[in-house]
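Novice: Below is work.tsv; it holds TSV, C-alpha atoms.
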```tsv
chain	number	residue	atom	x	y	z
B	1	MET	CA	117.25	110.21	93.57
B	2	THR	CA	120.00	107.69	93.32
B	3	THR	CA	122.56	108.15	90.55
B	4	ALA	CA	123.57	104.52	90.52
B	5	THR	CA	123.53	102.83	87.17
B	6	ALA	CA	120.60	100.71	86.16
B	7	SER	CA	120.84	97.26	87.68
B	8	ASP	CA	119.13	95.44	84.87
B	9	GLY	CA	117.65	98.17	82.71
B	10	GLY	CA	114.18	97.06	83.73
B	11	THR	CA	111.25	99.08	84.94
B	12	LEU	CA	108.95	99.11	87.93
B	13	ALA	CA	105.18	99.36	87.78
B	14	VAL	CA	104.36	101.73	90.62
B	15	GLU	CA	100.79	102.35	91.79
B	16	ILE	CA	100.44	105.53	93.81
B	17	TRP	CA	97.38	106.82	95.65
B	18	ARG	CA	96.23	110.16	94.26
B	19	GLY	CA	93.71	112.35	96.02
B	20	LYS	CA	92.43	112.46	99.59
B	21	ASP	CA	89.89	109.98	101.02
B	22	ALA	CA	88.19	109.89	97.64
B	23	GLY	CA	90.83	109.14	95.07
B	24	ARG	CA	92.33	106.43	92.92
B	25	PHE	CA	95.55	104.61	92.24
B	26	GLU	CA	97.55	105.81	89.27
B	27	THR	CA	100.25	103.68	87.74
B	28	TYR	CA	103.65	105.01	86.73
B	29	THR	CA	106.51	103.25	84.98
B	30	VAL	CA	109.77	103.98	86.75
B	31	PRO	CA	113.31	102.97	85.70
B	32	GLN	CA	114.72	100.31	88.01
B	33	ARG	CA	118.12	101.06	89.46
B	34	ALA	CA	120.58	99.39	91.78
B	35	ASN	CA	120.23	100.21	95.48
B	36	GLN	CA	117.02	102.13	94.79
B	37	THR	CA	114.83	103.05	97.75
B	38	VAL	CA	111.07	103.50	97.73
B	39	LEU	CA	111.61	107.20	98.43
B	40	ASP	CA	113.86	107.35	95.35
B	41	VAL	CA	110.97	105.94	93.32
B	42	VAL	CA	108.45	108.45	94.68
B	43	THR	CA	110.87	111.30	94.09
B	44	TRP	CA	111.52	110.13	90.51
B	45	ILE	CA	107.79	110.17	89.83
B	46	GLN	CA	107.39	113.64	91.33
B	47	ARG	CA	110.28	115.03	89.30
B	48	HIS	CA	109.70	113.29	85.99
B	49	ALA	CA	106.08	112.23	85.74
B	50	GLU	CA	103.76	113.91	88.22
B	51	PRO	CA	104.99	117.29	89.53
B	52	ALA	CA	101.79	117.76	91.59
B	53	LEU	CA	102.39	114.59	93.63
B	54	ALA	CA	102.30	115.40	97.35
B	55	TYR	CA	104.52	113.51	99.74
B	56	ARG	CA	106.75	114.29	102.70
B	57	PHE	CA	110.44	113.74	103.33
B	58	ALA	CA	113.43	115.59	104.72
B	59	CYS	CA	116.65	113.86	105.73
B	60	ARG	CA	116.58	110.80	103.40
B	61	VAL	CA	118.79	108.87	105.84
B	62	GLY	CA	116.38	107.44	108.42
B	63	VAL	CA	116.67	110.15	111.06
B	64	CYS	CA	113.81	112.62	110.66
B	65	GLY	CA	110.93	110.12	110.50
B	66	SER	CA	108.93	112.12	107.96
B	67	CYS	CA	108.81	109.83	104.90
B	68	ALA	CA	106.76	106.89	106.22
B	69	MET	CA	104.17	105.51	103.81
B	70	THR	CA	102.28	102.28	103.26
B	71	VAL	CA	104.26	100.17	100.81
B	72	ASN	CA	102.64	97.03	99.43
B	73	GLY	CA	100.30	97.00	102.40
B	74	LYS	CA	102.84	97.58	105.17
B	75	PRO	CA	103.91	100.81	106.85
B	76	ARG	CA	107.58	101.52	106.19
B	77	TRP	CA	110.19	104.28	106.32
B	78	THR	CA	110.60	104.73	102.58
B	79	CYS	CA	114.06	106.31	102.63
B	80	ARG	CA	115.60	103.16	104.11
B	81	THR	CA	113.41	100.62	102.34
B	82	HIS	CA	115.11	99.15	99.30
B	83	VAL	CA	112.84	98.42	96.38
B	84	SER	CA	114.57	95.10	95.84
B	85	LYS	CA	113.34	93.89	99.23
B	86	VAL	CA	109.67	94.82	98.83
B	87	ALA	CA	108.83	94.97	95.12
B	88	GLY	CA	108.31	91.26	94.58
B	89	GLU	CA	107.47	90.88	90.90
B	90	GLY	CA	108.65	94.41	90.15
B	91	ALA	CA	105.45	96.04	91.35
B	92	LEU	CA	104.95	98.61	94.07
B	93	ARG	CA	101.73	99.96	95.57
B	94	ILE	CA	102.30	103.07	97.65
B	95	GLU	CA	99.62	104.60	99.86
B	96	PRO	CA	99.52	107.12	102.72
B	97	LEU	CA	99.91	105.85	106.29
B	98	ARG	CA	96.86	104.19	107.83
B	99	ASN	CA	95.10	105.60	110.93
B	100	LEU	CA	95.87	109.25	110.16
B	101	PRO	CA	93.75	111.81	108.26
B	102	ARG	CA	94.76	112.04	104.62
B	103	LEU	CA	95.75	115.44	103.26
B	104	LYS	CA	96.69	114.79	99.65
B	105	ASP	CA	98.22	111.86	97.80
B	106	LEU	CA	100.85	110.34	100.14
B	107	ALA	CA	100.84	113.10	102.76
B	108	VAL	CA	98.89	112.61	106.00
B	109	ASP	CA	98.02	115.01	108.81
B	110	MET	CA	100.28	114.09	111.75
B	111	THR	CA	98.36	116.32	114.20
B	112	PRO	CA	96.48	113.51	116.03
B	113	PHE	CA	99.74	111.59	116.41
B	114	PHE	CA	101.52	114.48	118.11
B	115	GLU	CA	98.47	115.55	120.11
B	116	LYS	CA	98.37	112.10	121.66
B	117	TRP	CA	102.09	112.41	122.38
B	118	GLN	CA	101.14	115.42	124.53
B	119	ARG	CA	98.12	113.68	126.09
B	120	ALA	CA	100.49	110.95	127.27
B	121	GLN	CA	102.66	113.71	128.76
B	122	GLY	CA	105.47	112.62	126.48
B	123	ARG	CA	107.60	115.63	127.35
B	124	PHE	CA	110.47	116.05	129.77
B	125	THR	CA	109.79	118.00	132.97
B	126	PRO	CA	113.06	119.58	134.10
B	127	THR	CA	114.07	119.96	137.73
B	128	ARG	CA	117.24	121.99	137.23
B	129	THR	CA	118.31	125.16	135.52
B	130	ARG	CA	121.21	125.62	133.14
B	131	LYS	CA	123.24	126.96	136.04
B	132	ASP	CA	123.06	123.66	137.93
B	133	PRO	CA	125.57	120.90	137.32
B	134	LEU	CA	124.57	118.03	135.08
B	135	THR	CA	122.89	115.07	136.71
B	136	THR	CA	125.01	111.95	136.84
B	137	VAL	CA	123.02	108.97	135.55
B	138	SER	CA	124.52	105.51	135.61
B	139	PRO	CA	124.12	103.84	132.20
B	140	GLN	CA	123.97	100.55	134.09
B	141	SER	CA	120.95	101.45	136.22
B	142	ALA	CA	117.79	99.47	135.49
B	143	GLY	CA	115.79	102.62	134.81
B	144	ARG	CA	118.31	104.03	132.37
B	145	LYS	CA	118.56	100.73	130.52
B	146	ALA	CA	114.78	100.63	130.18
B	147	ALA	CA	114.71	104.23	128.95
B	148	ASP	CA	117.58	103.65	126.53
B	149	ALA	CA	115.73	100.72	124.96
B	150	GLY	CA	112.99	103.05	123.74
B	151	ILE	CA	114.72	106.39	123.39
B	152	GLU	CA	115.71	106.20	119.70
B	153	CYS	CA	112.15	106.69	118.40
B	154	ILE	CA	112.15	108.95	115.33
B	155	ASN	CA	108.40	109.78	115.49
B	156	CYS	CA	107.75	108.30	112.06
B	157	ALA	CA	104.27	107.00	113.06
B	158	VAL	CA	104.90	103.62	111.44
B	159	CYS	CA	103.87	101.91	114.68
B	160	TYR	CA	100.78	104.12	114.94
B	161	SER	CA	99.82	103.15	111.41
B	162	ALA	CA	100.46	99.45	112.06
B	163	CYS	CA	98.41	99.33	115.30
B	164	ASP	CA	94.98	97.70	115.02
B	165	VAL	CA	93.82	99.20	118.33
B	166	VAL	CA	94.47	102.71	117.00
B	167	GLY	CA	92.30	101.78	114.02
B	168	TRP	CA	89.47	100.63	116.28
B	169	ASP	CA	89.66	103.28	119.01
B	170	ASP	CA	90.22	106.94	118.11
B	171	GLY	CA	91.03	107.67	121.73
B	172	TYR	CA	93.90	105.20	122.06
B	173	LEU	CA	97.20	106.99	122.54
B	174	GLY	CA	99.13	104.53	120.41
B	175	PRO	CA	102.52	102.82	120.69
B	176	ALA	CA	104.80	105.80	120.05
B	177	ALA	CA	103.29	108.11	122.67
B	178	LEU	CA	103.20	105.33	125.26
B	179	ASN	CA	106.76	104.31	124.44
B	180	ARG	CA	107.82	107.90	125.06
B	181	ALA	CA	105.92	107.88	128.36
B	182	TRP	CA	107.75	104.68	129.31
B	183	THR	CA	111.14	106.29	128.68
B	184	LEU	CA	110.12	109.22	130.90
B	185	VAL	CA	108.83	107.21	133.86
B	186	ASN	CA	112.22	105.49	133.79
B	187	ASP	CA	114.17	108.74	133.55
B	188	GLU	CA	115.34	109.66	137.03
B	189	ARG	CA	115.90	113.26	135.91
B	190	ASP	CA	112.24	113.83	135.03
B	191	GLY	CA	110.41	115.97	137.57
B	192	ASP	CA	106.92	114.54	137.09
B	193	ARG	CA	107.18	110.82	136.53
B	194	ALA	CA	104.00	110.22	138.55
B	195	GLY	CA	102.17	112.63	136.25
B	196	VAL	CA	103.45	110.82	133.17
B	197	LEU	CA	102.28	107.48	134.54
B	198	LYS	CA	98.89	108.93	135.40
B	199	SER	CA	98.48	110.34	131.88
B	200	ALA	CA	99.65	107.11	130.25
B	201	SER	CA	97.23	105.10	132.45
B	202	SER	CA	94.15	107.22	131.83
B	203	GLY	CA	91.38	106.41	129.33
B	204	GLY	CA	92.84	105.28	126.00
B	205	GLY	CA	96.19	104.69	127.68
B	206	CYS	CA	98.41	101.68	128.19
B	207	HIS	CA	95.60	99.38	129.38
B	208	SER	CA	93.94	99.57	125.96
B	209	CYS	CA	96.88	97.77	124.31
B	210	HIS	CA	96.05	94.23	123.16
B	211	THR	CA	99.70	93.20	122.90
B	212	HIS	CA	99.32	92.32	119.22
B	213	GLY	CA	102.92	93.35	118.64
B	214	SER	CA	102.37	94.99	115.23
B	215	CYS	CA	104.35	98.01	116.46
B	216	VAL	CA	107.30	95.76	117.30
B	217	GLU	CA	107.02	94.01	113.94
B	218	HIS	CA	107.08	97.22	111.93
B	219	CYS	CA	109.21	99.65	113.97
B	220	PRO	CA	112.04	100.61	111.58
B	221	VAL	CA	114.53	101.32	114.34
B	222	GLY	CA	113.91	98.12	116.26
B	223	ILE	CA	112.13	99.53	119.31
B	224	ASN	CA	109.72	97.29	121.23
B	225	PRO	CA	106.84	99.58	122.26
B	226	THR	CA	104.78	96.59	123.41
B	227	ALA	CA	107.36	95.85	126.09
B	228	GLY	CA	107.28	99.46	127.26
B	229	ILE	CA	103.48	99.45	127.36
B	230	ALA	CA	103.58	96.21	129.38
B	231	GLY	CA	105.98	97.98	131.73
B	232	LEU	CA	103.54	100.86	132.11
B	233	LYS	CA	100.76	98.39	132.94
B	234	ARG	CA	102.89	96.70	135.60
B	235	TRP	CA	103.99	100.01	137.06
B	236	SER	CA	100.43	101.34	137.14
B	237	ILE	CA	99.32	98.31	139.15
B	238	VAL	CA	102.16	98.76	141.62
B	239	GLU	CA	101.23	102.43	142.03
B	240	LEU	CA	97.52	101.57	142.33
B	241	LEU	CA	98.20	99.04	145.09
B	242	GLY	CA	100.49	101.56	146.76
B	243	GLY	CA	97.68	104.13	146.78
B	244	LYS	CA	99.52	106.50	144.46
B	245	LEU	CA	97.23	106.04	141.47
B	246	PRO	CA	93.43	106.41	141.56
O	1	MET	CA	86.38	103.05	137.87
O	2	THR	CA	89.69	103.96	136.31
O	3	PRO	CA	91.19	101.90	133.48
O	4	VAL	CA	93.87	100.46	135.76
O	5	VAL	CA	91.27	99.20	138.26
O	6	LEU	CA	89.23	97.57	135.48
O	7	TYR	CA	92.41	96.09	133.98
O	8	LEU	CA	93.48	94.63	137.32
O	9	ALA	CA	89.98	93.29	138.07
O	10	GLN	CA	89.82	91.57	134.70
O	11	ARG	CA	93.27	89.99	135.04
O	12	LEU	CA	92.67	88.80	138.60
O	13	THR	CA	89.33	87.25	137.68
O	14	ALA	CA	90.97	85.61	134.66
O	15	LEU	CA	93.50	84.04	137.03
O	16	ILE	CA	90.66	82.72	139.15
O	17	LEU	CA	88.55	81.55	136.21
O	18	ALA	CA	91.27	79.62	134.36
O	19	PRO	CA	91.61	76.74	136.84
O	20	LEU	CA	87.91	76.80	137.71
O	21	VAL	CA	86.89	76.43	134.04
O	22	ILE	CA	89.30	73.50	133.61
O	23	ALA	CA	88.01	71.83	136.76
O	24	HIS	CA	84.42	72.42	135.64
O	25	LEU	CA	85.05	70.85	132.21
O	26	VAL	CA	86.87	67.87	133.72
O	27	LEU	CA	83.98	67.48	136.13
O	28	ILE	CA	81.46	67.37	133.28
O	29	LEU	CA	83.51	64.71	131.49
O	30	ILE	CA	83.77	62.59	134.63
O	31	ALA	CA	80.06	62.91	135.33
O	32	VAL	CA	79.02	62.06	131.76
O	33	GLU	CA	81.54	59.25	131.27
O	34	GLY	CA	80.68	57.86	134.69
O	35	GLY	CA	77.01	57.76	133.75
O	36	LEU	CA	75.85	59.82	136.72
O	37	THR	CA	72.20	60.81	136.70
O	38	ALA	CA	71.00	64.28	137.65
O	39	ALA	CA	69.77	62.92	140.95
O	40	GLU	CA	73.16	61.36	141.70
O	41	ILE	CA	74.94	64.63	140.90
O	42	LEU	CA	72.56	66.64	143.10
O	43	ALA	CA	73.05	64.13	145.90
O	44	ARG	CA	76.74	65.03	145.83
O	45	THR	CA	76.36	68.81	145.52
O	46	ARG	CA	73.44	69.51	147.88
O	47	GLY	CA	74.60	70.54	151.29
O	48	SER	CA	78.20	70.72	150.14
O	49	VAL	CA	80.05	73.82	151.33
O	50	GLY	CA	82.94	72.98	148.98
O	51	TRP	CA	80.79	72.99	145.82
O	52	ALA	CA	79.00	76.11	147.01
O	53	LEU	CA	82.34	77.91	147.37
O	54	PHE	CA	83.65	76.50	144.07
O	55	TYR	CA	80.69	77.59	141.96
O	56	GLY	CA	80.04	80.72	144.01
O	57	LEU	CA	83.57	81.91	143.25
O	58	PHE	CA	83.10	80.87	139.62
O	59	VAL	CA	79.97	82.99	139.27
O	60	ALA	CA	81.44	86.00	141.05
O	61	ALA	CA	84.58	85.95	138.89
O	62	ALA	CA	82.60	85.53	135.68
O	63	ALA	CA	80.22	88.34	136.63
O	64	VAL	CA	83.18	90.72	137.00
O	65	HIS	CA	85.29	89.41	134.11
O	66	ALA	CA	82.78	89.21	131.28
O	67	PRO	CA	81.28	92.74	131.41
O	68	ILE	CA	84.74	94.36	131.47
O	69	GLY	CA	85.80	92.43	128.40
O	70	LEU	CA	82.50	93.03	126.62
O	71	ARG	CA	82.77	96.75	127.39
O	72	ASN	CA	86.16	96.83	125.65
O	73	VAL	CA	84.85	94.95	122.63
O	74	ILE	CA	81.82	97.24	122.30
O	75	HIS	CA	83.95	100.36	122.78
O	76	GLU	CA	86.44	99.32	120.11
O	77	HIS	CA	84.06	97.97	117.49
O	78	THR	CA	80.97	100.17	117.76
O	79	ARG	CA	80.25	103.83	118.38
O	80	TRP	CA	78.68	103.08	121.76
O	81	THR	CA	80.77	104.57	124.56
O	82	GLY	CA	80.47	106.70	127.71
O	83	ARG	CA	78.22	106.47	130.75
O	84	SER	CA	75.38	104.56	129.13
O	85	LEU	CA	77.81	101.78	128.19
O	86	ASP	CA	79.31	101.73	131.70
O	87	TRP	CA	75.89	101.48	133.36
O	88	SER	CA	74.76	98.85	130.90
O	89	MET	CA	77.80	96.71	131.67
O	90	LEU	CA	77.19	97.16	135.39
O	91	ALA	CA	73.64	95.94	134.84
O	92	LEU	CA	75.04	92.95	132.94
O	93	ALA	CA	77.35	92.19	135.86
O	94	VAL	CA	74.38	92.24	138.26
O	95	LEU	CA	72.36	90.05	135.90
O	96	LEU	CA	75.16	87.49	135.55
O	97	ALA	CA	75.71	87.45	139.31
O	98	GLY	CA	71.96	87.02	139.93
O	99	LEU	CA	71.45	84.24	137.39
O	100	GLY	CA	74.64	82.53	138.52
O	101	ALA	CA	73.70	82.72	142.19
O	102	ARG	CA	70.28	81.27	141.39
O	103	ALA	CA	71.93	78.33	139.59
O	104	VAL	CA	74.43	77.73	142.39
O	105	LEU	CA	71.72	77.83	145.05
O	106	ALA	CA	69.66	75.35	143.02
O	107	VAL	CA	72.40	72.73	143.12
O	108	VAL	CA	73.86	73.24	146.61
O	109	VAL	CA	70.85	74.05	148.80
O	110	THR	CA	68.90	71.07	150.06
O	111	PRO	CA	65.16	71.67	149.46
```
Please rewrite the model in this file as structure tokens.
Specialist:
Amino acid sequence: MTTATASDGGTLAVEIWRGKDAGRFETYTVPQRANQTVLDVVTWIQRHAEPALAYRFACRVGVCGSCAMTVNGKPRWTCRTHVSKVAGEGALRIEPLRNLPRLKDLAVDMTPFFEKWQRAQGRFTPTRTRKDPLTTVSPQSAGRKAADAGIECINCAVCYSACDVVGWDDGYLGPAALNRAWTLVNDERDGDRAGVLKSASSGGGCHSCHTHGSCVEHCPVGINPTAGIAGLKRWSIVELLGGKLP
Amino acid sequence: MTPVVLYLAQRLTALILAPLVIAHLVLILIAVEGGLTAAEILARTRGSVGWALFYGLFVAAAAVHAPIGLRNVIHEHTRWTGRSLDWSMLALAVLLAGLGARAVLAVVVTP
């Protein structure tokens, strides 16, 4: 909770989802402060008004990716979202992330999100041991540049929550998992790039993306998963025509 | 068929269909504005290899393109999925190709 002095001594009307799928919004009056984040507001409510409120956070500085929630209808990382930028008329409506099973109040079950990460083979396959020298990778190579563009994902699931295709199709891997796959197929150190591409091109993979761009719009760290998914589509066609992909 | 094959087939047929649809629409405007009768239109299309190829390609591309897109729409917005959907869309492709071929033959073959 911020210790900054009150900016104007006013208050915020904050609606928060309570319960699981069946539940209701409850309204809390929270003191407004300067430089207050949405996570500050939720934490104030938990500490001063509703001790049983369930929500998730860890680092509070935009690194761990655990505090994402739906704020006034849009998925956001709450620890880096200033109330002054989203509250409008001094009102906040905070809900759990869309497209993930609700656990309680603002906490969702992230299991499907990470399971799809694995289905997309979003994990590095090493080719060396710790006794081997480090691989030299040119930061200027096209592959490394493409990988670098998507590598800073913090797994917050904001893109997954923002994606309409995820909402329509339970089997769709989603932007984050496919973005991770894109970084791996461009990583010359990975030992199974063909396997990653095959996984990312299977049912519910990159070809299911409609290029709506909601993931790009909402990604808090400025990644463009849509571009990576388009890259996977292009690459899959090249591999198909080359006889390397069924 | 794998998703990448269906994706490629739909994009390639879209590339084919785009200019053909425009040409078809322009053709309709010219025919209507020019006051051509059905008999005058048939006189131009019957026995024409060019029109047979034009509309034959049109029908083939549409018969591939439409069922793939419809399959995606059904999969995303209903609970229908799996083999029964795939076979149904294949049947739709055959139906579109059959009806389209019948229409093309009717306007290009001289009775």
Novice: Identify all chain B residues at most 9 Å from chain O by counting only C-alpha atoms; ligands do not count. Present them as a ChimeraX atom specification.
Specialist: /B:165,167-170,201-208,233,236-237,240,245-246
Novice: Counting all atoms listed in the file, what is within 12 Å of Asp21 in chain B, bar same-chain residues fewer than 6 positions away, as number ranges by chain?
Specialist: B: 95-96, 98, 100-108
Novice: Counting only C-alpha atoms, what is within 9 Å of range 52-69 of chain B, bar same-chain residues fewer than 6 positions away, as a ChimeraX atom specification?
Specialist: /B:18,39,42-43,45-46,75-80,94-98,103-108,153-158,220-221
Novice: For Gly191 in chain B, which residue among B:Arg24, B:Arg93, B:Arg123, B:Leu178 is the nearest when counting all atoms listed in the file?
Specialist: B:Arg123
Novice: Just want the 8 Å neighbourhood of range 138-150 of chain B, counted on all atoms listed in the file, with same-chain residues fewer than 6 positions away dropped. Output as number ranges by chain.
Specialist: B: 179-180, 182-184, 186-188, 223-225, 228
Novice: Mind giving me the straight-line distance from CA of Glu89 in chain B to CA of Glu50 in chain B in Å, one decimal?
Specialist: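 Answer for the CA of Glu89 in chain B to CA of Glu50 in chain B separation: 23.5 Å.
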Novice: Between CA of Gly122 in chain B and CA of Leu173 in chain B, measure the distance and give it in Å to one decimal.
Specialist: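 For CA of Gly122 in chain B relative to CA of Leu173 in chain B, the distance reads 10.8 Å.
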Novice: When you count only C-alpha atoms, which of these residues is closest to Ala66 in chain O: O:Leu53, O:Ala31, O:Ala97, O:Leu85?
Specialist: O:Ala97
Novice: Counting all atoms listed in the file, figure out which residue out of B:His218, B:Lys20, B:Arg193, B:His82 gets nearest to Ala120 in chain B.
Specialist: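 Distance minimum relative to Ala120 in chain B lands on B:Arg193.
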Novice: What does range 35-106 of chain O look like written to a file with C-alpha atoms, as a PDB file, in the first residue's frame?
Specialist:
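See out-v5.pdb below for the written result:
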```pdb
ATOM      1  CA  GLY O  35     -29.249  -4.324 -71.489  1.00  0.00           C
ATOM      2  CA  LEU O  36     -28.123  -7.792 -72.556  1.00  0.00           C
ATOM      3  CA  THR O  37     -30.815 -10.437 -72.606  1.00  0.00           C
ATOM      4  CA  ALA O  38     -30.274 -13.954 -71.273  1.00  0.00           C
ATOM      5  CA  ALA O  39     -30.091 -15.232 -74.826  1.00  0.00           C
ATOM      6  CA  GLU O  40     -27.423 -12.676 -75.727  1.00  0.00           C
ATOM      7  CA  ILE O  41     -25.364 -13.605 -72.666  1.00  0.00           C
ATOM      8  CA  LEU O  42     -25.623 -17.330 -73.438  1.00  0.00           C
ATOM      9  CA  ALA O  43     -24.616 -16.637 -77.027  1.00  0.00           C
ATOM     10  CA  ARG O  44     -21.354 -15.237 -75.665  1.00  0.00           C
ATOM     11  CA  THR O  45     -20.673 -17.924 -73.047  1.00  0.00           C
ATOM     12  CA  ARG O  46     -21.693 -21.108 -74.896  1.00  0.00           C
ATOM     13  CA  GLY O  47     -18.764 -22.812 -76.498  1.00  0.00           C
ATOM     14  CA  SER O  48     -16.328 -20.442 -74.834  1.00  0.00           C
ATOM     15  CA  VAL O  49     -13.286 -22.159 -73.324  1.00  0.00           C
ATOM     16  CA  GLY O  50     -12.327 -18.898 -71.590  1.00  0.00           C
ATOM     17  CA  TRP O  51     -15.625 -18.572 -69.683  1.00  0.00           C
ATOM     18  CA  ALA O  52     -15.563 -22.278 -68.873  1.00  0.00           C
ATOM     19  CA  LEU O  53     -12.110 -21.887 -67.312  1.00  0.00           C
ATOM     20  CA  PHE O  54     -13.075 -18.634 -65.559  1.00  0.00           C
ATOM     21  CA  TYR O  55     -16.196 -20.002 -63.874  1.00  0.00           C
ATOM     22  CA  GLY O  56     -14.776 -23.500 -63.472  1.00  0.00           C
ATOM     23  CA  LEU O  57     -11.900 -22.052 -61.447  1.00  0.00           C
ATOM     24  CA  PHE O  58     -14.367 -19.868 -59.554  1.00  0.00           C
ATOM     25  CA  VAL O  59     -16.457 -22.872 -58.531  1.00  0.00           C
ATOM     26  CA  ALA O  60     -13.464 -25.009 -57.588  1.00  0.00           C
ATOM     27  CA  ALA O  61     -11.967 -22.249 -55.422  1.00  0.00           C
ATOM     28  CA  ALA O  62     -15.287 -21.516 -53.723  1.00  0.00           C
ATOM     29  CA  ALA O  63     -15.913 -25.211 -53.057  1.00  0.00           C
ATOM     30  CA  VAL O  64     -12.584 -25.429 -51.204  1.00  0.00           C
ATOM     31  CA  HIS O  65     -12.668 -22.019 -49.526  1.00  0.00           C
ATOM     32  CA  ALA O  66     -16.165 -21.900 -48.068  1.00  0.00           C
ATOM     33  CA  PRO O  67     -16.254 -25.228 -46.159  1.00  0.00           C
ATOM     34  CA  ILE O  68     -12.900 -24.503 -44.471  1.00  0.00           C
ATOM     35  CA  GLY O  69     -14.128 -21.136 -43.270  1.00  0.00           C
ATOM     36  CA  LEU O  70     -17.511 -22.495 -42.219  1.00  0.00           C
ATOM     37  CA  ARG O  71     -15.779 -25.304 -40.311  1.00  0.00           C
ATOM     38  CA  ASN O  72     -13.827 -22.702 -38.319  1.00  0.00           C
ATOM     39  CA  VAL O  73     -16.945 -20.674 -37.584  1.00  0.00           C
ATOM     40  CA  ILE O  74     -18.891 -23.750 -36.440  1.00  0.00           C
ATOM     41  CA  HIS O  75     -15.967 -25.000 -34.348  1.00  0.00           C
ATOM     42  CA  GLU O  76     -15.550 -21.661 -32.587  1.00  0.00           C
ATOM     43  CA  HIS O  77     -19.187 -20.775 -32.007  1.00  0.00           C
ATOM     44  CA  THR O  78     -20.908 -24.096 -31.377  1.00  0.00           C
ATOM     45  CA  ARG O  79     -20.082 -27.324 -29.588  1.00  0.00           C
ATOM     46  CA  TRP O  80     -19.941 -29.255 -32.862  1.00  0.00           C
ATOM     47  CA  THR O  81     -16.414 -30.476 -33.532  1.00  0.00           C
ATOM     48  CA  GLY O  82     -14.477 -33.614 -34.515  1.00  0.00           C
ATOM     49  CA  ARG O  83     -14.893 -36.114 -37.332  1.00  0.00           C
ATOM     50  CA  SER O  84     -18.595 -35.556 -37.944  1.00  0.00           C
ATOM     51  CA  LEU O  85     -17.911 -31.861 -38.587  1.00  0.00           C
ATOM     52  CA  ASP O  86     -14.987 -32.681 -40.904  1.00  0.00           C
ATOM     53  CA  TRP O  87     -17.050 -35.141 -42.955  1.00  0.00           C
ATOM     54  CA  SER O  88     -19.978 -32.759 -43.088  1.00  0.00           C
ATOM     55  CA  MET O  89     -17.769 -29.992 -44.441  1.00  0.00           C
ATOM     56  CA  LEU O  90     -16.309 -32.394 -46.996  1.00  0.00           C
ATOM     57  CA  ALA O  91     -19.853 -33.207 -48.082  1.00  0.00           C
ATOM     58  CA  LEU O  92     -20.546 -29.469 -48.362  1.00  0.00           C
ATOM     59  CA  ALA O  93     -17.463 -29.076 -50.552  1.00  0.00           C
ATOM     60  CA  VAL O  94     -18.702 -31.846 -52.861  1.00  0.00           C
ATOM     61  CA  LEU O  95     -22.173 -30.305 -52.950  1.00  0.00           C
ATOM     62  CA  LEU O  96     -20.835 -26.845 -53.811  1.00  0.00           C
ATOM     63  CA  ALA O  97     -18.561 -28.295 -56.483  1.00  0.00           C
ATOM     64  CA  GLY O  98     -21.454 -30.316 -57.953  1.00  0.00           C
ATOM     65  CA  LEU O  99     -23.963 -27.467 -58.002  1.00  0.00           C
ATOM     66  CA  GLY O 100     -21.326 -25.078 -59.321  1.00  0.00           C
ATOM     67  CA  ALA O 101     -20.239 -27.458 -62.071  1.00  0.00           C
ATOM     68  CA  ARG O 102     -23.870 -27.919 -63.099  1.00  0.00           C
ATOM     69  CA  ALA O 103     -24.288 -24.133 -63.368  1.00  0.00           C
ATOM     70  CA  VAL O 104     -21.057 -23.689 -65.327  1.00  0.00           C
ATOM     71  CA  LEU O 105     -21.950 -26.487 -67.742  1.00  0.00           C
ATOM     72  CA  ALA O 106     -25.376 -24.912 -68.272  1.00  0.00           C
TER      73      ALA O 106
END
```
